[in-house]
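Heads up, work02.cif below (mmCIF, C-alpha atoms):
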data_final
#
loop_
_atom_site.label_atom_id
_atom_site.label_comp_id
_atom_site.auth_asym_id
_atom_site.auth_seq_id
_atom_site.Cartn_x
_atom_site.Cartn_y
_atom_site.Cartn_z
CA MET A 1 105.57 135.47 73.38
CA PRO A 2 106.48 132.17 71.73
CA ILE A 3 108.12 132.63 68.37
CA PRO A 4 106.28 130.56 65.73
CA ARG A 5 108.35 129.10 62.95
CA GLY A 6 107.19 127.15 59.94
CA SER A 7 108.05 123.52 59.30
CA ALA A 8 108.07 121.33 56.21
CA ASP A 9 104.54 120.03 56.80
CA GLY A 10 103.07 123.52 57.23
CA LYS A 11 102.58 123.32 61.01
CA GLU A 12 103.94 125.97 63.33
CA ILE A 13 106.78 125.12 65.69
CA VAL A 14 106.86 127.04 68.95
CA ASP A 15 110.19 127.72 70.64
CA LEU A 16 109.48 127.37 74.36
CA ASN A 17 112.93 128.57 75.38
CA ALA A 18 112.27 131.90 73.69
CA ALA A 19 108.84 132.06 75.35
CA ALA A 20 110.41 131.44 78.78
CA LYS A 21 113.02 134.14 78.15
CA ASP A 22 110.31 136.59 77.09
CA ALA A 23 108.30 135.87 80.23
CA LYS A 24 111.39 136.27 82.42
CA ASN A 25 112.25 139.58 80.76
CA PHE A 26 108.68 140.82 81.27
CA ILE A 27 108.70 139.88 84.96
CA ASP A 28 112.13 141.45 85.42
CA LYS A 29 110.96 144.69 83.79
CA PHE A 30 107.74 144.72 85.79
CA LEU A 31 109.09 143.76 89.20
CA GLY A 32 112.82 144.17 89.00
CA ASP A 33 114.79 142.92 91.99
CA VAL A 34 112.30 143.37 94.83
CA SER A 35 114.98 142.90 97.49
CA LYS A 36 116.64 146.14 96.34
CA LYS A 37 113.41 148.15 96.61
CA SER A 38 112.27 150.05 99.67
CA ALA A 39 110.66 148.27 102.60
CA THR A 40 107.28 149.77 101.70
CA LYS A 41 107.39 148.37 98.17
CA GLN A 42 108.52 145.00 99.51
CA LEU A 43 105.58 144.96 101.93
CA ILE A 44 103.13 145.93 99.19
CA TRP A 45 104.44 143.31 96.73
CA GLY A 46 104.59 140.63 99.42
CA GLY A 47 101.09 141.40 100.65
CA ALA A 48 99.62 141.56 97.16
CA SER A 49 101.25 138.31 96.04
CA GLY A 50 100.20 136.59 99.29
CA LEU A 51 96.64 137.85 98.88
CA CYS A 52 96.48 136.61 95.29
CA THR A 53 97.98 133.25 96.22
CA GLY A 54 95.62 132.83 99.17
CA PHE A 55 92.59 133.82 97.12
CA ILE A 56 93.44 131.39 94.32
CA SER A 57 94.31 128.64 96.80
CA MET A 58 90.99 129.05 98.60
CA ARG A 59 89.01 128.89 95.35
CA VAL A 60 90.89 125.86 94.05
CA GLY A 61 91.00 124.28 97.50
CA LYS A 62 87.26 124.62 98.01
CA ALA A 63 86.52 123.07 94.65
CA ALA A 64 88.96 120.22 95.27
CA ALA A 65 87.66 119.60 98.80
CA THR A 66 84.06 119.62 97.60
CA ALA A 67 84.85 117.19 94.79
CA LEU A 68 86.83 114.89 97.07
CA GLY A 69 84.23 114.96 99.85
CA GLY A 70 81.38 114.45 97.40
CA GLY A 71 83.22 111.52 95.84
CA ILE A 72 83.76 109.91 99.23
CA LEU A 73 80.11 110.48 100.09
CA LEU A 74 78.94 108.88 96.83
CA LEU A 75 81.26 105.91 97.28
CA THR A 76 80.05 105.44 100.85
CA ILE A 77 76.41 105.54 99.76
CA ALA A 78 77.10 103.13 96.88
CA ASN A 79 78.85 100.74 99.26
CA GLN A 80 76.04 101.00 101.82
CA LYS A 81 73.36 100.34 99.20
CA GLY A 82 75.28 97.41 97.71
CA TYR A 83 76.04 98.95 94.30
CA ILE A 84 79.73 98.43 94.88
CA SER A 85 81.55 96.05 97.18
CA VAL A 86 84.83 96.99 98.80
CA ASP A 87 87.24 94.22 99.73
CA TRP A 88 88.45 95.85 102.93
CA ASP A 89 90.97 93.09 103.66
CA LYS A 90 92.64 93.55 100.28
CA LEU A 91 92.61 97.33 100.71
CA SER A 92 94.17 97.02 104.17
CA ARG A 93 96.90 94.73 102.86
CA SER A 94 97.66 97.16 100.02
CA VAL A 95 97.86 100.09 102.43
CA ASP A 96 100.09 98.06 104.77
CA LYS A 97 102.46 97.25 101.89
CA ALA A 98 102.61 100.92 100.90
CA VAL A 99 103.29 101.95 104.51
CA ASP A 100 106.03 99.32 104.75
CA LYS A 101 107.70 100.67 101.60
CA VAL A 102 107.54 104.24 102.89
CA GLU A 103 108.95 103.23 106.28
CA LYS A 104 111.74 101.29 104.59
CA ALA A 105 112.59 104.22 102.31
CA ALA A 106 112.41 106.79 105.11
CA GLY A 107 114.11 104.93 107.90
CA GLY A 108 116.11 102.30 106.08
CA ALA A 109 114.48 99.46 108.04
CA GLY A 110 111.05 98.04 107.45
CA PRO A 111 108.52 97.17 110.13
CA SER A 112 109.39 94.44 112.59
CA THR A 113 107.61 91.10 112.74
CA MET A 114 105.87 92.27 115.91
CA ASP A 115 104.47 95.31 114.08
CA LYS A 116 103.14 93.08 111.31
CA LEU A 117 101.55 90.72 113.84
CA GLU A 118 99.94 93.67 115.61
CA ARG A 119 98.44 94.95 112.33
CA PHE A 120 97.16 91.47 111.50
CA ALA A 121 95.56 91.08 114.94
CA ASN A 122 93.98 94.54 114.78
CA ARG A 123 92.53 93.82 111.34
CA LYS A 124 91.02 90.51 112.51
CA ILE A 125 89.63 92.05 115.69
CA ASP A 126 88.00 94.86 113.68
CA LYS A 127 86.46 92.30 111.33
CA ALA A 128 85.11 90.23 114.23
CA GLU A 129 83.69 93.36 115.83
CA GLY A 130 81.88 94.25 112.61
CA VAL A 131 80.38 90.78 112.33
CA LEU A 132 79.22 90.89 115.95
CA LYS A 133 77.61 94.33 115.47
CA LYS A 134 75.69 93.10 112.43
CA LYS A 135 74.48 90.05 114.34
CA GLU A 136 73.51 92.23 117.30
CA GLN A 137 71.43 94.50 115.06
CA LYS A 138 69.76 91.52 113.43
CA VAL A 139 68.90 89.98 116.80
CA ARG A 140 67.65 93.31 118.16
CA ARG A 141 65.35 93.79 115.13
CA TRP A 142 64.06 90.24 115.45
CA PHE A 143 63.50 90.59 119.19
CA THR A 144 61.82 94.01 119.14
CA ASN A 145 60.15 93.58 115.72
CA ASP A 146 61.26 97.12 114.65
CA ARG A 147 61.68 96.38 110.96
CA ASP A 148 59.56 99.25 109.59
CA GLU A 149 60.86 101.94 111.94
CA PHE A 150 63.42 104.48 110.72
CA GLN A 151 66.79 104.03 112.40
CA ILE A 152 69.76 106.33 112.16
CA SER A 153 72.78 104.56 110.70
CA GLU A 154 76.43 105.52 110.34
CA LEU A 155 75.68 106.65 106.78
CA HIS A 156 73.08 109.15 108.00
CA ILE A 157 75.53 110.60 110.53
CA PHE A 158 78.27 110.79 107.89
CA ALA A 159 75.97 112.52 105.38
CA ALA A 160 74.72 115.02 107.96
CA SER A 161 78.24 115.87 109.14
CA TYR A 162 79.40 116.24 105.53
CA ALA A 163 76.55 118.66 104.79
CA ALA A 164 77.26 120.63 107.97
CA GLY A 165 80.98 120.81 107.18
CA LEU A 166 80.27 121.87 103.60
CA ALA A 167 77.91 124.61 104.79
CA LEU A 168 80.35 125.84 107.42
CA GLY A 169 83.25 125.84 104.96
CA THR A 170 81.18 127.76 102.44
CA LEU A 171 80.19 130.36 105.03
CA LEU A 172 83.72 130.84 106.36
CA GLY A 173 85.39 130.89 102.94
#
What would you get if you wrote out this structure as structure tokens?
Amino acid sequence: MPIPRGSADGKEIVDLNAAAKDAKNFIDKFLGDVSKKSATKQLIWGGASGLCTGFISMRVGKAAATALGGGILLLTIANQKGYISVDWDKLSRSVDKAVDKVEKAAGGAGPSTMDKLERFANRKIDKAEGVLKKKEQKVRRWFTNDRDEFQISELHIFAASYAAGLALGTLLG
């Protein structure tokens, strides 16, 4: 338990060192040195602590995964509907800079000029492919006159797979 002490302005001051010592003493009294206990007690304590850790991790993990997946889904829908606009080129450059820093820190040498040229070419090819796909869809709609017909898009597939994954994760967890 933290030991409260008074101060000049009437507020309590809590000594965290004393609180940490109290907690350590409590754990030592409760558990003792588990390595000196019998194998049965070690198995029981190990299993119980693993079970508690796994249970808490699953609960927290599910909530975090649901929040993260839902956020990605909402951002994707907002981008698709035009509420937000993502500058993919700027995002790619930022990610490339971060990757370069990590490579430099991990390996001591940054990416070569050839690696940078390859990334640049891949980015431009992906952009050209996206433009061509949009033009193809526009031409196909104009040619077939299918403007009022429902068509499955990447967003529909993403939303359906997210819902299926969420349901499966909920059932298995």
Each side padded by 4 Å, which centre and which edge lengths in Å (one decimal) define the axis-aligned box around the listed atoms of range 41-60 of chain A? Give them as AutoDock Vina command-line options.
--center_x 98.8 --center_y 137.1 --center_z 98.0 --size_x 27.5 --size_y 30.5 --size_z 15.9
Worksheet entry | Distance query range 99-101 of chain A at most 10 Å, all atoms listed in the file, self and fewer than 6 positions along chain excluded, as a ChimeraX atom specification | /A:93,107-112,116
Worksheet entry | range 84-90 of chain A surroundings by all atoms listed in the file, 12 Å radius, close-in-sequence under 3 positions cut, as a VMD selection string | chain A and resid 74 to 81 93 to 97 119 to 120 122 to 124 126 to 127 130
Worksheet item: Please, what distance in Å, to one decimal, runs between CA of Lys133 in chain A and CA of Glu154 in chain A?
Response: 12.4 Å
Discussion item. Report, in Å with one decimal, the straight-line distance from CA of Lys134 in chain A to CA of Ile157 in chain A.
Written reply: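 About the pair CA of Lys134 in chain A and CA of Ile157 in chain A: they are 17.6 Å apart.
For the structure in this document, the set picked by the PyMOL selection byres ((chain A and resi 60-64) around 12) is A:Thr53, A:Gly54, A:Phe55, A:Ile56, A:Ser57, A:Met58, A:Arg59, A:Ala65, A:Thr66, A:Ala67, A:Leu68, A:Gly69, A:Gly70, A:Gly71, A:Gly165, A:Leu166, A:Ala167, A:Leu168, A:Gly169, A:Thr170, A:Leu171, A:Leu172, A:Gly173.
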Item to complete: Go ahead and compute the interatomic distance for CA of Cys52 in chain A and CA of Ala164 in chain A, in Å to one decimal.
Response: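 Going from CA of Cys52 in chain A over to CA of Ala164 in chain A, I get 28.0 Å.
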Discussion item. Counting all atoms listed in the file, which residue out of A:Ile44, A:Ala20, A:Val131, A:Leu73 sits closest to Ala159 in chain A?
Written reply: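 That would be A:Leu73, the residue with the smallest distance to Ala159 in chain A.
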Just need range 36-75 of chain A in a file, please: N, CA and C atoms, as a compact mmCIF listing (two decimals), in the first residue's frame.
# COMPACT_ATOMS: atom_id res chain seq x y z
N LYS A 36 12.03 -23.29 -6.06
CA LYS A 36 12.39 -24.19 -4.96
C LYS A 36 11.22 -25.08 -4.53
N LYS A 37 10.06 -24.88 -5.13
CA LYS A 37 8.88 -25.68 -4.79
C LYS A 37 8.93 -27.00 -5.56
N SER A 38 7.98 -27.86 -5.26
CA SER A 38 7.93 -29.15 -5.94
C SER A 38 7.49 -28.96 -7.40
N ALA A 39 7.74 -29.99 -8.19
CA ALA A 39 7.39 -29.93 -9.61
C ALA A 39 5.89 -29.76 -9.81
N THR A 40 5.10 -30.36 -8.94
CA THR A 40 3.65 -30.24 -9.05
C THR A 40 3.21 -28.79 -8.84
N LYS A 41 3.76 -28.14 -7.81
CA LYS A 41 3.40 -26.74 -7.56
C LYS A 41 3.88 -25.84 -8.70
N GLN A 42 5.07 -26.15 -9.24
CA GLN A 42 5.56 -25.37 -10.37
C GLN A 42 4.63 -25.51 -11.57
N LEU A 43 4.17 -26.74 -11.83
CA LEU A 43 3.24 -26.96 -12.94
C LEU A 43 1.92 -26.23 -12.72
N ILE A 44 1.42 -26.28 -11.50
CA ILE A 44 0.15 -25.61 -11.20
C ILE A 44 0.29 -24.10 -11.36
N TRP A 45 1.36 -23.52 -10.77
CA TRP A 45 1.55 -22.07 -10.88
C TRP A 45 1.81 -21.65 -12.33
N GLY A 46 2.60 -22.41 -13.04
CA GLY A 46 2.87 -22.10 -14.45
C GLY A 46 1.62 -22.18 -15.30
N GLY A 47 0.84 -23.24 -15.09
CA GLY A 47 -0.40 -23.40 -15.85
C GLY A 47 -1.42 -22.32 -15.53
N ALA A 48 -1.56 -22.01 -14.24
CA ALA A 48 -2.53 -20.98 -13.83
C ALA A 48 -2.13 -19.61 -14.36
N SER A 49 -0.84 -19.27 -14.25
CA SER A 49 -0.40 -17.96 -14.75
C SER A 49 -0.51 -17.90 -16.27
N GLY A 50 -0.20 -18.99 -16.96
CA GLY A 50 -0.36 -19.03 -18.42
C GLY A 50 -1.81 -18.90 -18.84
N LEU A 51 -2.69 -19.58 -18.11
CA LEU A 51 -4.12 -19.50 -18.40
C LEU A 51 -4.63 -18.08 -18.22
N CYS A 52 -4.24 -17.45 -17.10
CA CYS A 52 -4.67 -16.06 -16.85
C CYS A 52 -4.13 -15.12 -17.92
N THR A 53 -2.85 -15.27 -18.25
CA THR A 53 -2.25 -14.42 -19.26
C THR A 53 -2.92 -14.62 -20.62
N GLY A 54 -3.16 -15.86 -20.99
CA GLY A 54 -3.82 -16.15 -22.27
C GLY A 54 -5.23 -15.59 -22.31
N PHE A 55 -5.97 -15.77 -21.22
CA PHE A 55 -7.34 -15.27 -21.16
C PHE A 55 -7.38 -13.75 -21.32
N ILE A 56 -6.51 -13.08 -20.56
CA ILE A 56 -6.48 -11.61 -20.63
C ILE A 56 -6.01 -11.15 -22.00
N SER A 57 -5.00 -11.83 -22.55
CA SER A 57 -4.51 -11.47 -23.88
C SER A 57 -5.58 -11.64 -24.94
N MET A 58 -6.35 -12.70 -24.86
CA MET A 58 -7.42 -12.92 -25.84
C MET A 58 -8.48 -11.84 -25.75
N ARG A 59 -8.86 -11.47 -24.53
CA ARG A 59 -9.88 -10.43 -24.36
C ARG A 59 -9.39 -9.09 -24.88
N VAL A 60 -8.19 -8.72 -24.49
CA VAL A 60 -7.62 -7.45 -24.93
C VAL A 60 -7.31 -7.51 -26.42
N GLY A 61 -6.79 -8.63 -26.88
CA GLY A 61 -6.46 -8.79 -28.29
C GLY A 61 -7.67 -8.71 -29.19
N LYS A 62 -8.77 -9.33 -28.76
CA LYS A 62 -9.99 -9.26 -29.56
C LYS A 62 -10.51 -7.84 -29.66
N ALA A 63 -10.49 -7.14 -28.54
CA ALA A 63 -10.97 -5.76 -28.55
C ALA A 63 -10.08 -4.89 -29.44
N ALA A 64 -8.77 -5.07 -29.32
CA ALA A 64 -7.84 -4.28 -30.13
C ALA A 64 -7.98 -4.62 -31.61
N ALA A 65 -8.10 -5.90 -31.93
CA ALA A 65 -8.24 -6.31 -33.33
C ALA A 65 -9.55 -5.80 -33.92
N THR A 66 -10.62 -5.86 -33.15
CA THR A 66 -11.91 -5.35 -33.62
C THR A 66 -11.84 -3.85 -33.86
N ALA A 67 -11.23 -3.13 -32.93
CA ALA A 67 -11.11 -1.67 -33.10
C ALA A 67 -10.24 -1.33 -34.30
N LEU A 68 -9.12 -2.02 -34.45
CA LEU A 68 -8.23 -1.75 -35.57
C LEU A 68 -8.89 -2.10 -36.90
N GLY A 69 -9.50 -3.27 -36.97
CA GLY A 69 -10.18 -3.69 -38.21
C GLY A 69 -11.34 -2.78 -38.55
N GLY A 70 -12.12 -2.40 -37.53
CA GLY A 70 -13.23 -1.48 -37.77
C GLY A 70 -12.75 -0.12 -38.24
N GLY A 71 -11.64 0.34 -37.67
CA GLY A 71 -11.08 1.62 -38.11
C GLY A 71 -10.63 1.57 -39.55
N ILE A 72 -9.96 0.48 -39.92
CA ILE A 72 -9.52 0.32 -41.31
C ILE A 72 -10.72 0.25 -42.24
N LEU A 73 -11.75 -0.47 -41.82
CA LEU A 73 -12.96 -0.57 -42.63
C LEU A 73 -13.60 0.80 -42.82
N LEU A 74 -13.72 1.58 -41.75
CA LEU A 74 -14.32 2.92 -41.86
C LEU A 74 -13.48 3.84 -42.74
N LEU A 75 -12.15 3.78 -42.59
CA LEU A 75 -11.30 4.60 -43.44
C LEU A 75 -11.41 4.20 -44.91
